[in-house]
Every structure is written in structure tokens, then in C-alpha cells.
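**Student:** Input start-v6.txt, format and content: compact mmCIF, C-alpha atoms.
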```txt
# COMPACT_ATOMS: atom_id res chain seq x y z
CA MET A 1 31.38 36.75 30.40
CA GLN A 2 34.47 35.89 28.37
CA LEU A 3 36.35 32.78 29.41
CA PRO A 4 40.10 32.34 28.91
CA SER A 5 39.93 28.84 27.42
CA SER A 6 37.72 27.08 24.88
CA LEU A 7 37.89 23.85 26.90
CA LEU A 8 36.50 25.73 29.89
CA GLU A 9 33.94 27.46 27.70
CA ASN A 10 32.64 24.13 26.32
CA ALA A 11 32.38 22.56 29.76
CA VAL A 12 30.51 25.59 31.11
CA ALA A 13 28.14 25.49 28.13
CA GLN A 14 27.36 21.84 28.83
CA PHE A 15 26.52 22.47 32.48
CA ALA A 16 24.51 25.59 31.61
CA LYS A 17 22.15 23.42 29.51
CA LEU A 18 20.94 21.66 32.66
CA PRO A 19 17.66 22.93 34.16
CA GLY A 20 18.04 25.63 36.83
CA ILE A 21 21.76 26.11 36.16
CA GLY A 22 22.81 29.46 34.73
CA LYS A 23 26.18 30.39 33.28
CA LYS A 24 27.58 31.66 36.59
CA THR A 25 26.61 28.52 38.49
CA ALA A 26 27.95 26.39 35.63
CA LEU A 27 31.30 28.18 35.92
CA ARG A 28 31.37 27.58 39.67
CA LEU A 29 30.76 23.86 39.13
CA VAL A 30 33.41 23.60 36.41
CA LEU A 31 36.01 25.44 38.51
CA HIS A 32 35.21 23.04 41.35
CA LEU A 33 35.83 20.07 39.05
CA LEU A 34 39.09 21.67 37.92
CA LYS A 35 40.36 21.34 41.48
CA GLN A 36 39.57 17.61 41.60
CA GLU A 37 41.87 14.81 40.46
CA VAL A 38 41.91 14.02 36.72
CA ASN A 39 40.75 10.46 37.40
CA ASP A 40 37.83 11.58 39.54
CA VAL A 41 36.56 13.91 36.83
CA GLN A 42 37.06 11.19 34.22
CA HIS A 43 34.97 8.91 36.44
CA PHE A 44 32.31 11.62 36.77
CA GLY A 45 31.97 11.92 32.99
CA GLU A 46 31.94 8.17 32.44
CA THR A 47 29.34 7.54 35.17
CA ILE A 48 26.92 10.03 33.63
CA ALA A 49 27.42 8.72 30.08
CA ARG A 50 27.11 5.07 31.17
CA MET A 51 23.94 5.83 33.14
CA ARG A 52 22.23 7.21 30.02
CA ARG A 53 23.56 4.44 27.76
CA ASP A 54 22.85 1.41 29.90
CA ILE A 55 19.77 2.31 31.91
CA LYS A 56 16.61 0.39 31.11
CA PHE A 57 12.94 0.92 31.69
CA CYS A 58 10.82 -1.82 33.24
CA GLN A 59 8.78 -3.47 30.47
CA ARG A 60 5.82 -3.82 32.78
CA CYS A 61 5.55 -0.51 34.68
CA HIS A 62 7.98 1.78 32.75
CA ASN A 63 9.88 2.61 35.93
CA ILE A 64 13.67 2.94 35.72
CA SER A 65 15.36 -0.40 36.10
CA ASP A 66 18.73 -2.12 35.86
CA GLY A 67 17.13 -5.12 34.12
CA ASP A 68 14.07 -5.85 31.96
CA ILE A 69 11.76 -5.95 34.98
CA CYS A 70 12.22 -3.50 37.87
CA SER A 71 12.78 -4.60 41.47
CA ILE A 72 9.28 -3.51 42.51
CA CYS A 73 7.54 -5.57 39.79
CA ALA A 74 9.81 -8.55 40.53
CA ASN A 75 9.00 -8.45 44.25
CA SER A 76 6.49 -11.20 45.09
CA MET A 77 6.01 -9.74 48.60
CA ARG A 78 4.23 -6.76 47.06
CA ASN A 79 0.60 -6.78 45.98
CA GLN A 80 0.89 -6.91 42.19
CA LYS A 81 -2.91 -6.65 41.78
CA LEU A 82 -2.83 -3.09 43.16
CA ILE A 83 -1.40 -0.55 40.72
CA CYS A 84 -0.56 3.06 41.51
CA VAL A 85 -0.59 5.30 38.40
CA VAL A 86 1.94 8.14 38.52
CA GLU A 87 3.16 10.79 36.12
CA ASN A 88 6.90 10.16 36.35
CA ILE A 89 9.71 8.36 38.11
CA ARG A 90 10.13 11.09 40.70
CA ASP A 91 6.61 10.36 41.95
CA VAL A 92 7.52 6.67 42.35
CA ILE A 93 10.52 7.69 44.46
CA ALA A 94 8.37 10.07 46.55
CA ILE A 95 5.73 7.44 47.26
CA GLU A 96 8.30 4.72 47.95
CA SER A 97 9.99 6.92 50.53
CA THR A 98 6.73 7.07 52.56
CA GLN A 99 6.97 3.25 52.92
CA GLN A 100 3.16 3.18 53.03
CA PHE A 101 2.40 1.63 49.65
CA ASN A 102 2.83 -2.06 49.02
CA GLY A 103 1.50 -2.39 45.48
CA ALA A 104 3.06 -1.96 42.03
CA TYR A 105 3.31 1.14 39.85
CA HIS A 106 2.57 2.30 36.36
CA VAL A 107 4.56 5.29 35.11
CA LEU A 108 2.62 7.24 32.47
CA GLY A 109 5.60 9.32 31.36
CA GLY A 110 3.58 12.56 31.57
CA ILE A 111 -0.03 13.69 31.77
CA ILE A 112 -2.53 14.69 29.11
CA SER A 113 -1.90 18.36 28.39
CA PRO A 114 -3.17 19.57 25.00
CA LEU A 115 -1.59 23.01 25.52
CA ASP A 116 1.85 21.37 25.73
CA GLY A 117 0.99 19.11 22.79
CA ILE A 118 0.85 15.97 24.92
CA GLY A 119 -1.98 13.64 24.00
CA PRO A 120 -2.91 10.17 25.28
CA ASP A 121 -0.88 8.48 22.53
CA GLN A 122 2.41 9.82 23.91
CA LEU A 123 1.72 8.27 27.30
CA SER A 124 1.82 4.61 28.32
CA ILE A 125 -1.97 4.41 28.59
CA GLU A 126 -2.50 1.60 26.07
CA SER A 127 0.01 -0.59 27.91
CA LEU A 128 -1.76 0.19 31.21
CA VAL A 129 -5.14 -0.93 29.83
CA SER A 130 -3.76 -4.15 28.36
CA ARG A 131 -1.83 -4.79 31.57
CA ILE A 132 -5.01 -4.48 33.67
CA GLU A 133 -6.87 -6.80 31.29
CA LYS A 134 -4.12 -9.41 31.34
CA GLU A 135 -3.17 -9.30 35.01
CA GLU A 136 -6.75 -9.00 36.33
CA THR A 137 -5.76 -6.01 38.44
CA GLU A 138 -8.06 -5.45 41.41
CA GLU A 139 -7.47 -1.78 42.13
CA LEU A 140 -5.98 1.20 40.34
CA VAL A 141 -4.94 4.17 42.52
CA PHE A 142 -4.31 7.44 40.69
CA ALA A 143 -1.54 9.51 42.33
CA LEU A 144 -1.44 12.42 39.88
CA ASN A 145 -0.85 16.04 40.76
CA PRO A 146 -4.17 17.72 41.64
CA ASN A 147 -4.70 20.05 38.68
CA ILE A 148 -6.76 20.24 35.49
CA GLN A 149 -4.33 18.10 33.49
CA GLY A 150 -4.24 15.46 36.24
CA ASP A 151 -8.04 15.35 36.40
CA THR A 152 -8.29 15.15 32.59
CA THR A 153 -5.91 12.21 32.58
CA ILE A 154 -7.84 10.40 35.30
CA TYR A 155 -11.13 10.96 33.43
CA TYR A 156 -9.65 9.70 30.14
CA ILE A 157 -8.14 6.54 31.61
CA GLN A 158 -11.23 5.79 33.68
CA LYS A 159 -13.38 5.82 30.53
CA LYS A 160 -10.97 3.41 28.86
CA LEU A 161 -11.39 1.02 31.80
CA ALA A 162 -15.18 1.16 31.99
CA HIS A 163 -15.55 -2.41 30.67
CA LEU A 164 -13.21 -3.89 33.31
CA PRO A 165 -14.13 -4.91 36.89
CA CYS A 166 -11.08 -3.07 38.29
CA ARG A 167 -11.78 -0.67 41.16
CA VAL A 168 -10.52 2.86 40.48
CA THR A 169 -9.52 5.26 43.27
CA THR A 170 -7.42 8.39 43.68
CA ILE A 171 -5.23 9.58 46.52
CA ALA A 172 -7.02 11.87 48.99
CA ARG A 173 -6.94 15.59 48.35
CA GLY A 174 -7.46 18.14 51.04
CA ILE A 175 -5.68 20.36 53.49
CA ALA A 176 -2.07 19.21 53.83
CA PHE A 177 -0.83 18.08 57.23
CA GLY A 178 0.53 21.17 59.00
CA GLY A 179 -1.29 23.47 56.56
CA GLU A 180 -3.49 26.32 57.72
CA LEU A 181 -7.15 26.61 56.73
CA GLU A 182 -7.08 30.35 56.25
CA TYR A 183 -4.30 30.13 53.67
CA ALA A 184 -5.77 27.20 51.71
CA ASP A 185 -7.13 28.09 48.28
CA GLU A 186 -10.90 27.94 47.79
CA MET A 187 -10.80 24.95 45.46
CA THR A 188 -8.88 22.81 47.96
CA LEU A 189 -11.04 23.89 50.88
CA ALA A 190 -14.28 23.34 48.96
CA ARG A 191 -13.17 19.86 47.89
CA SER A 192 -12.04 18.88 51.35
CA ILE A 193 -15.44 19.88 52.74
CA ALA A 194 -17.31 18.00 50.01
CA ASN A 195 -15.15 14.89 50.58
CA ARG A 196 -15.29 15.00 54.36
CA LEU A 197 -14.46 11.80 56.25
CA PRO A 198 -16.00 10.14 59.30
CA VAL A 199 -13.67 10.91 62.22
CA GLN A 200 -13.32 7.18 62.98
CA GLN A 201 -11.81 6.71 59.53
CA TYR A 202 -9.57 9.77 59.87
CA VAL A 203 -7.94 8.73 63.15
CA LYS A 204 -7.62 5.09 62.12
CA MET B 205 15.56 8.30 49.18
CA GLN B 206 15.84 4.87 47.60
CA LEU B 207 16.47 4.80 43.86
CA PRO B 208 15.28 1.97 41.63
CA SER B 209 18.59 1.52 39.79
CA SER B 210 22.25 1.45 40.76
CA LEU B 211 23.20 3.26 37.53
CA LEU B 212 20.87 6.07 38.50
CA GLU B 213 22.14 5.99 42.07
CA ASN B 214 25.77 6.36 40.96
CA ALA B 215 24.98 9.24 38.62
CA VAL B 216 23.02 11.05 41.35
CA ALA B 217 25.89 10.51 43.79
CA GLN B 218 28.34 12.08 41.32
CA PHE B 219 26.20 15.19 40.83
CA ALA B 220 25.52 15.47 44.56
CA LYS B 221 29.27 15.86 45.16
CA LEU B 222 29.23 19.22 43.36
CA PRO B 223 29.02 22.31 45.56
CA GLY B 224 25.50 23.60 46.23
CA ILE B 225 23.83 20.53 44.72
CA GLY B 226 21.89 18.31 47.10
CA LYS B 227 20.54 14.86 46.42
CA LYS B 228 17.13 16.10 45.24
CA THR B 229 18.62 18.57 42.76
CA ALA B 230 21.07 15.92 41.60
CA LEU B 231 18.15 13.59 40.87
CA ARG B 232 16.38 16.33 38.92
CA LEU B 233 19.50 16.89 36.79
CA VAL B 234 20.00 13.17 36.17
CA LEU B 235 16.35 12.65 35.19
CA HIS B 236 16.73 15.60 32.81
CA LEU B 237 19.76 13.95 31.21
CA LEU B 238 17.82 10.68 30.95
CA LYS B 239 15.41 12.46 28.59
CA GLN B 240 18.23 13.61 26.30
CA GLU B 241 19.72 11.64 23.41
CA VAL B 242 22.37 9.04 24.30
CA ASN B 243 24.94 10.83 22.12
CA ASP B 244 24.31 14.19 23.76
CA VAL B 245 24.86 12.77 27.22
CA GLN B 246 27.97 10.94 25.99
CA HIS B 247 29.20 14.30 24.67
CA PHE B 248 28.41 15.94 28.02
CA GLY B 249 30.52 13.40 29.91
CA GLU B 250 33.41 13.58 27.44
CA THR B 251 33.48 17.37 27.40
CA ILE B 252 33.78 17.54 31.19
CA ALA B 253 36.47 14.85 31.35
CA ARG B 254 38.47 16.37 28.46
CA MET B 255 38.30 19.82 30.07
CA ARG B 256 39.92 18.50 33.24
CA ARG B 257 42.49 16.37 31.37
CA ASP B 258 43.64 18.86 28.74
CA ILE B 259 43.28 22.25 30.39
CA LYS B 260 46.52 24.08 31.14
CA PHE B 261 47.53 26.87 33.41
CA CYS B 262 49.52 29.82 32.05
CA GLN B 263 53.13 29.40 33.16
CA ARG B 264 53.46 33.12 33.70
CA CYS B 265 50.26 34.21 35.48
CA HIS B 266 48.65 30.84 36.47
CA ASN B 267 45.42 31.77 34.72
CA ILE B 268 43.54 29.02 32.86
CA SER B 269 44.81 28.64 29.34
CA ASP B 270 44.55 26.45 26.26
CA GLY B 271 48.33 26.70 25.73
CA ASP B 272 51.47 27.26 27.79
CA ILE B 273 50.91 31.03 27.89
CA CYS B 274 47.41 32.48 28.22
CA SER B 275 45.87 34.85 25.72
CA ILE B 276 46.17 37.82 28.11
CA CYS B 277 49.91 37.30 28.70
CA ALA B 278 50.47 36.74 24.97
CA ASN B 279 48.68 39.97 24.05
CA SER B 280 51.28 42.66 23.20
CA MET B 281 48.54 45.34 23.15
CA ARG B 282 48.19 44.98 26.92
CA ASN B 283 50.50 46.66 29.42
CA GLN B 284 52.57 43.71 30.64
CA LYS B 285 54.39 45.92 33.19
CA LEU B 286 51.15 46.36 35.15
CA ILE B 287 50.12 43.26 37.09
CA CYS B 288 46.81 42.74 38.89
CA VAL B 289 47.04 40.20 41.72
CA VAL B 290 43.85 38.16 42.24
CA GLU B 291 42.82 35.22 44.37
CA ASN B 292 41.38 32.98 41.67
CA ILE B 293 40.32 32.63 38.07
CA ARG B 294 36.81 33.83 38.77
CA ASP B 295 38.24 37.21 39.77
CA VAL B 296 40.10 37.43 36.45
CA ILE B 297 36.83 36.79 34.64
CA ALA B 298 35.01 39.41 36.75
CA ILE B 299 37.65 42.09 36.11
CA GLU B 300 37.93 41.25 32.42
CA SER B 301 34.18 41.66 32.01
CA THR B 302 34.45 45.31 33.19
CA GLN B 303 36.76 45.97 30.18
CA GLN B 304 38.52 48.62 32.29
CA PHE B 305 41.83 46.89 32.95
CA ASN B 306 44.52 46.67 30.31
CA GLY B 307 47.36 45.03 32.23
CA ALA B 308 48.27 41.42 33.00
CA TYR B 309 47.26 39.23 35.93
CA HIS B 310 48.77 37.00 38.55
CA VAL B 311 46.50 34.34 40.04
CA LEU B 312 47.55 33.43 43.61
CA GLY B 313 45.36 30.32 43.80
CA GLY B 314 43.96 31.38 47.19
CA ILE B 315 44.75 33.79 50.01
CA ILE B 316 46.72 33.36 53.22
CA SER B 317 44.32 31.90 55.78
CA PRO B 318 45.98 30.09 58.70
CA LEU B 319 42.59 28.94 60.03
CA ASP B 320 42.01 27.01 56.78
CA GLY B 321 45.60 25.77 56.81
CA ILE B 322 46.61 27.88 53.80
CA GLY B 323 50.05 29.43 54.16
CA PRO B 324 52.15 31.50 51.73
CA ASP B 325 53.91 28.36 50.42
CA GLN B 326 50.71 26.97 48.94
CA LEU B 327 50.16 30.12 46.87
CA SER B 328 52.05 31.30 43.81
CA ILE B 329 53.80 34.10 45.74
CA GLU B 330 57.38 33.01 45.02
CA SER B 331 56.69 33.00 41.30
CA LEU B 332 55.13 36.47 41.59
CA VAL B 333 58.23 37.90 43.27
CA SER B 334 60.62 36.35 40.75
CA ARG B 335 58.35 37.49 37.93
CA ILE B 336 58.43 41.10 39.16
CA GLU B 337 62.23 40.95 39.49
CA LYS B 338 62.70 39.51 36.02
CA GLU B 339 60.11 41.53 34.13
CA GLU B 340 60.84 44.84 35.88
CA THR B 341 57.13 45.30 36.61
CA GLU B 342 56.17 48.93 37.18
CA GLU B 343 52.98 48.52 39.18
CA LEU B 344 51.25 45.80 41.15
CA VAL B 345 47.50 46.24 41.82
CA PHE B 346 46.00 44.04 44.51
CA ALA B 347 42.39 43.07 43.75
CA LEU B 348 41.70 40.81 46.73
CA ASN B 349 38.45 40.54 48.65
CA PRO B 350 38.34 43.16 51.44
CA ASN B 351 38.66 41.03 54.57
CA ILE B 352 41.28 40.05 57.15
CA GLN B 353 42.75 37.28 54.99
CA GLY B 354 42.99 39.59 51.99
CA ASP B 355 44.73 42.29 54.03
CA THR B 356 47.13 39.72 55.52
CA THR B 357 48.03 38.51 52.05
CA ILE B 358 48.65 42.06 50.81
CA TYR B 359 50.81 42.81 53.84
CA TYR B 360 52.86 39.63 53.38
CA ILE B 361 53.50 40.13 49.67
CA GLN B 362 54.27 43.81 50.12
CA LYS B 363 57.02 42.97 52.60
CA LYS B 364 58.48 40.47 50.14
CA LEU B 365 58.68 43.24 47.52
CA ALA B 366 60.24 45.90 49.74
CA HIS B 367 63.58 45.69 47.91
CA LEU B 368 62.03 46.25 44.47
CA PRO B 369 61.15 49.61 42.87
CA CYS B 370 57.70 48.34 41.86
CA ARG B 371 54.77 50.58 42.85
CA VAL B 372 52.14 48.71 44.90
CA THR B 373 48.47 49.72 44.94
CA THR B 374 45.12 48.17 45.81
CA ILE B 375 41.68 48.60 44.26
CA ALA B 376 39.56 51.28 45.97
CA ARG B 377 37.34 50.23 48.83
CA GLY B 378 34.32 52.18 49.93
CA ILE B 379 30.59 52.46 49.50
CA ALA B 380 29.52 50.44 46.46
CA PHE B 381 27.79 52.21 43.59
CA GLY B 382 24.05 52.12 44.32
CA GLY B 383 24.72 51.27 47.98
CA GLU B 384 23.13 53.20 50.83
CA LEU B 385 25.18 54.92 53.52
CA GLU B 386 22.85 53.99 56.37
CA TYR B 387 23.18 50.27 55.62
CA ALA B 388 26.97 50.27 55.16
CA ASP B 389 28.93 48.58 57.95
CA GLU B 390 31.05 50.79 60.20
CA MET B 391 34.37 49.48 58.91
CA THR B 392 33.52 50.26 55.29
CA LEU B 393 32.13 53.68 56.14
CA ALA B 394 35.12 54.55 58.35
CA ARG B 395 37.58 53.52 55.65
CA SER B 396 35.77 55.39 52.93
CA ILE B 397 35.88 58.58 55.04
CA ALA B 398 39.56 58.09 55.83
CA ASN B 399 40.39 57.48 52.16
CA ARG B 400 38.21 60.30 50.79
CA LEU B 401 38.96 61.52 47.27
CA PRO B 402 39.10 65.00 45.73
CA VAL B 403 35.84 65.44 43.79
CA GLN B 404 37.79 66.25 40.62
CA GLN B 405 39.35 62.79 40.77
CA TYR B 406 36.03 61.13 41.56
CA VAL B 407 34.14 62.51 38.57
CA LYS B 408 37.03 62.03 36.16
```
Could I get this structure in the form of C-alpha cells?

**Tutor:**
Amino acid sequence: MQLPSSLLENAVAQFAKLPGIGKKTALRLVLHLLKQEVNDVQHFGETIARMRRDIKFCQRCHNISDGDICSICANSMRNQKLICVVENIRDVIAIESTQQFNGAYHVLGGIISPLDGIGPDQLSIESLVSRIEKEETEELVFALNPNIQGDTTIYYIQKKLAHLPCRVTTIARGIAFGGELEYADEMTLARSIANRLPVQQYVK
Amino acid sequence: MQLPSSLLENAVAQFAKLPGIGKKTALRLVLHLLKQEVNDVQHFGETIARMRRDIKFCQRCHNISDGDICSICANSMRNQKLICVVENIRDVIAIESTQQFNGAYHVLGGIISPLDGIGPDQLSIESLVSRIEKEETEELVFALNPNIQGDTTIYYIQKKLAHLPCRVTTIARGIAFGGELEYADEMTLARSIANRLPVQQYVK
């Protein structure tokens, strides 16, 4: 695909670097921007650049924040002794949108995955341990994706916390609401049988 | 979806304005940019803004251009007496990538579509007519999408050119290469029977 202008070419190349955006889609986006007002496109570019330059990460939970401490950590109405451990910021947003969790978070920034070259040192595990020691956290809920890497990470962190009185739990795993038993994989089905719940607790 | 930072929120809102990008995809793109270097994201924003600010349109054919005249119009190796009329810049790029056309272009900037409020005055039809008069164009090839709006546009322009000796043609329409007869719509099949070609011409 040969483009008639180097300015266009550069803009398309920039968009095509984004995940899930190929060269054709990038061209469609750039041609759309070409039809917008100069000021609007200027504003687009500045907003993106400013976001990257000025955004901060909460010093306590590593969530995205406008200030040094994020709005969740600064909220005294939330139970700060209950910490939910998640892989990344998207998981925080997903859990927040359920409006069912009233504790604080700790964003690991990834999960332990030796094949991808990610070890415990690249994650915010040390700061989690010292945070639990200092804040006398009562409960830690792991909300990691249910796979080998997630389980490895839970196991590793749990061992690090063995000397602390903090209770450690994980979100329930089983057949998803609206899912069908016959299409569930064996691992999920086996686990959900092993971890069966009293009906009273289920309908609570 | 509530986001933990207004900087993030603004950046997501900007991306979500682009066609085909919803709020979830926008968030994925923004979080990807957050992982890049500050300078790279700065460069991203500047490239997009500069593209919109500095890009020009060829004064002759309305194609995108770095200068006043685009590289196709400035190319004396191409047949400048043969003009291909297209709806937009994407069509120029598509035809150029076939490497089968050696003439010049004229970009209309849309097609006549009363339902969308687009009349002949919003398109570069006047400049096409005066260009053909001035340049003594020998042939005009319409390469518009085969639908009612495209046919209306061809009909309108053709009438405007009735007083000129310029030959007017349109790209062939029929069963696409690799297409299957039984799945072709009736209109396409009927037209391709009506406009059948001598086999000698077909295999040429």
C-alpha cells in the first residue's frame, strides 16, 4: 500500500503500532481525522501526550491516579484493611464496575510467568508484603485470572505472607453465570465440584 | 465504566470518538500507550496533529499531497489526458496498488446522495468539468462503487460533459474473480450477462 504523502504515511505508521490495529484500519482512522477540524486533531494529539506525561501511579496500591494517592485509597468509607490483589488496572476497573467490592486494591503490574521472563522482582510483591505488615491488613483477596501463572503467583505471595496473621482468600471459580455445564472444560467442572457450596450460602 | 483518573478518562474519550472504536477498545489502546516511553507517546501525538495541520490537497486532482501538486499529477510518465474519477482517497490508494492504471485521478470527495444531504455542489464536480475543458482530456474513467448513488453521480457528471469531446467510460462490473455464480445477486448477474465480452477480449 503506497500512500501519496509522507505526513499521511507517518501518521498511519503511528496508529498501526497500536495493538489490534493493522495498516488498513490505521489508514481509515487517519482519513477520519483528516476530515475533522485542525484544532480538534491538535487537541487529540495533546490529550494523548499529556495523559502519558502527567499521569501518576498511586504510591500505595499502584493504581492509576491523578495525585500521589488514588481516590480509592484516599476514601475513608472503604475498608482499607481488605485488599484485593489484581494483575493490572483493567481488572480494577472491571471489579469496580460490579460495585460489589468495598475494599482497597493492590495492582501487581503482571503475574509471574517464567516463559515470558517475568519473575517476582518485576512485580510489586515486595511493596504488597511491606504494606500488609505496616497496615495490619485483615484479608487479602486474590482476583487473578484462573490459569497456571495466576495460581503460581498466588502460591508465591502466600508463602511470603506465611508469618503474618492476614487471612488469604481467592475469588470463587466455577461455572460462569449463564454458562452451560456440557460446554465447560473438565478442569473448571472438576474444581467447581470439589469446591461445592452449601445451597444456603449460594442463594444468600 | 468509571476510570480512576481524569487524564485517563480524557484520553479514552478521544480514542472512543474514532470510527469503529468503542470505549473498551479505547481503554486498551490508552493502557498500551501508558506502557510506552513518554517521548514515544509525545511523538505519537505530535505526528497526528502535524499530519492534520500540514497536509495539503492537490490543487488539480484533490488527492492528498505533501505539496501543491501531488506526485501523480506531477509525474510526466503518466498519461495526464486520462482521468480516473473516484469517490475518495482510499479508492486512489486501492487502484494505485493494482499498478494497472497509468493515468491521473480526480477525487470527488464523496458521491451524490440526497438522503445524506450531499448534493453536486459539495463535490469537486465543477473543478472536474473546467479541468477537462482546459486540459483537453481524452478519456474519463468512472471508478465509483456500483450502487444507486454511484450511478446517479455518473449520470449527473456525464450530462455536464455532453458538450465536450471527451470519451466517458466506467470500470467493468460483473462477477468478481473467485466469486461464485450461484451466490451472485440478480442485479450483478443480469448486468454481467447484458454486458458480456468477446472471449478474445476477456483473455487478452

**Student:** Find the residues in chain B near chain A: any atom within 9 Å counts, using all atoms listed in the file. Write them as a ChimeraX atom specification.

**Tutor:** /B:205-212,214-216,218-219,222-224,231-260,267-271,274-276,293-294,297-298,300-301

**Student:** Hey, can you check how far CA of Ile379 (chain B) sits from CA of Phe346 (chain B)?

**Tutor:**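 Distance between the two atoms: 18.3 Å.
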
**Student:** Given 4 Å of margin on each side, can you work out the centre and size in Å (one decimal) of an axis-aligned box holding every listed atom of region 96-99 of chain A, as AutoDock Vina command-line options?

**Tutor:**
```
--center_x 8.4 --center_y 5.2 --center_z 50.4 --size_x 11.3 --size_y 11.8 --size_z 13.0
```

**Student:** Just give me the residues with any atom within 7 Å of (-1.6, -0.6, 41.0), file coordinates, counting all atoms listed in the file, written as a ChimeraX atom specification.

**Tutor:** /A:80-85,103-106,139-141

**Student:** What does the distance from CA of Ser127 (chain A) to CA of Gly150 (chain A) come to in Å, to one decimal?

**Tutor:**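 Here the two named atoms are 18.6 Å from each other.
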
**Student:** To one decimal place, how far is CA of Val107 (chain A) from CA of Val86 (chain A) in Å?

**Tutor:**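 Separation of CA of Val107 (chain A) and CA of Val86 (chain A): 5.2 Å.
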
**Student:** From the set B:Glu291, B:Glu342, B:Glu390, B:Asp355, which residue has the shortest atom-to-atom contact distance to Ile329 (chain B), counting all atoms listed in the file?

**Tutor:**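 With all atoms listed in the file as the atom set, the closest residue is B:Glu291.
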
**Student:** Kindly indicate which residue among A:Ala26, A:Thr169, A:Gln100, A:Leu108 lies nearest to Glu126 (chain A), using all atoms listed in the file for the distances.

**Tutor:**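 Result for the nearest residue to Glu126 (chain A): A:Leu108.
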
**Student:** Can you pull out every residue within 9 Å of region 160-164 of chain A, counting all atoms listed in the file, but drop anything in the same chain fewer than 6 positions away, and send it as a list of chain:residue names?

**Tutor:** A:Val129, A:Ile132, A:Glu133, A:Glu136

**Student:** Taking (30.7, 48.5, 54.4) in the file's coordinates as the center, which residues reach within 12 Å of it, counting only C-alpha atoms, put as an mmCIF file with C-alpha atoms, in the coordinates of the input?

**Tutor:**
```
data_model
loop_
_atom_site.group_PDB
_atom_site.id
_atom_site.type_symbol
_atom_site.label_atom_id
_atom_site.label_comp_id
_atom_site.auth_asym_id
_atom_site.auth_seq_id
_atom_site.Cartn_x
_atom_site.Cartn_y
_atom_site.Cartn_z
ATOM 1 C CA PRO B 350 38.340 43.160 51.440
ATOM 2 C CA ASN B 351 38.660 41.030 54.570
ATOM 3 C CA ARG B 377 37.340 50.230 48.830
ATOM 4 C CA GLY B 378 34.320 52.180 49.930
ATOM 5 C CA ILE B 379 30.590 52.460 49.500
ATOM 6 C CA ALA B 380 29.520 50.440 46.460
ATOM 7 C CA PHE B 381 27.790 52.210 43.590
ATOM 8 C CA GLY B 383 24.720 51.270 47.980
ATOM 9 C CA GLU B 384 23.130 53.200 50.830
ATOM 10 C CA LEU B 385 25.180 54.920 53.520
ATOM 11 C CA GLU B 386 22.850 53.990 56.370
ATOM 12 C CA TYR B 387 23.180 50.270 55.620
ATOM 13 C CA ALA B 388 26.970 50.270 55.160
ATOM 14 C CA ASP B 389 28.930 48.580 57.950
ATOM 15 C CA GLU B 390 31.050 50.790 60.200
ATOM 16 C CA MET B 391 34.370 49.480 58.910
ATOM 17 C CA THR B 392 33.520 50.260 55.290
ATOM 18 C CA LEU B 393 32.130 53.680 56.140
ATOM 19 C CA ALA B 394 35.120 54.550 58.350
ATOM 20 C CA ARG B 395 37.580 53.520 55.650
ATOM 21 C CA SER B 396 35.770 55.390 52.930
ATOM 22 C CA ILE B 397 35.880 58.580 55.040
#
```
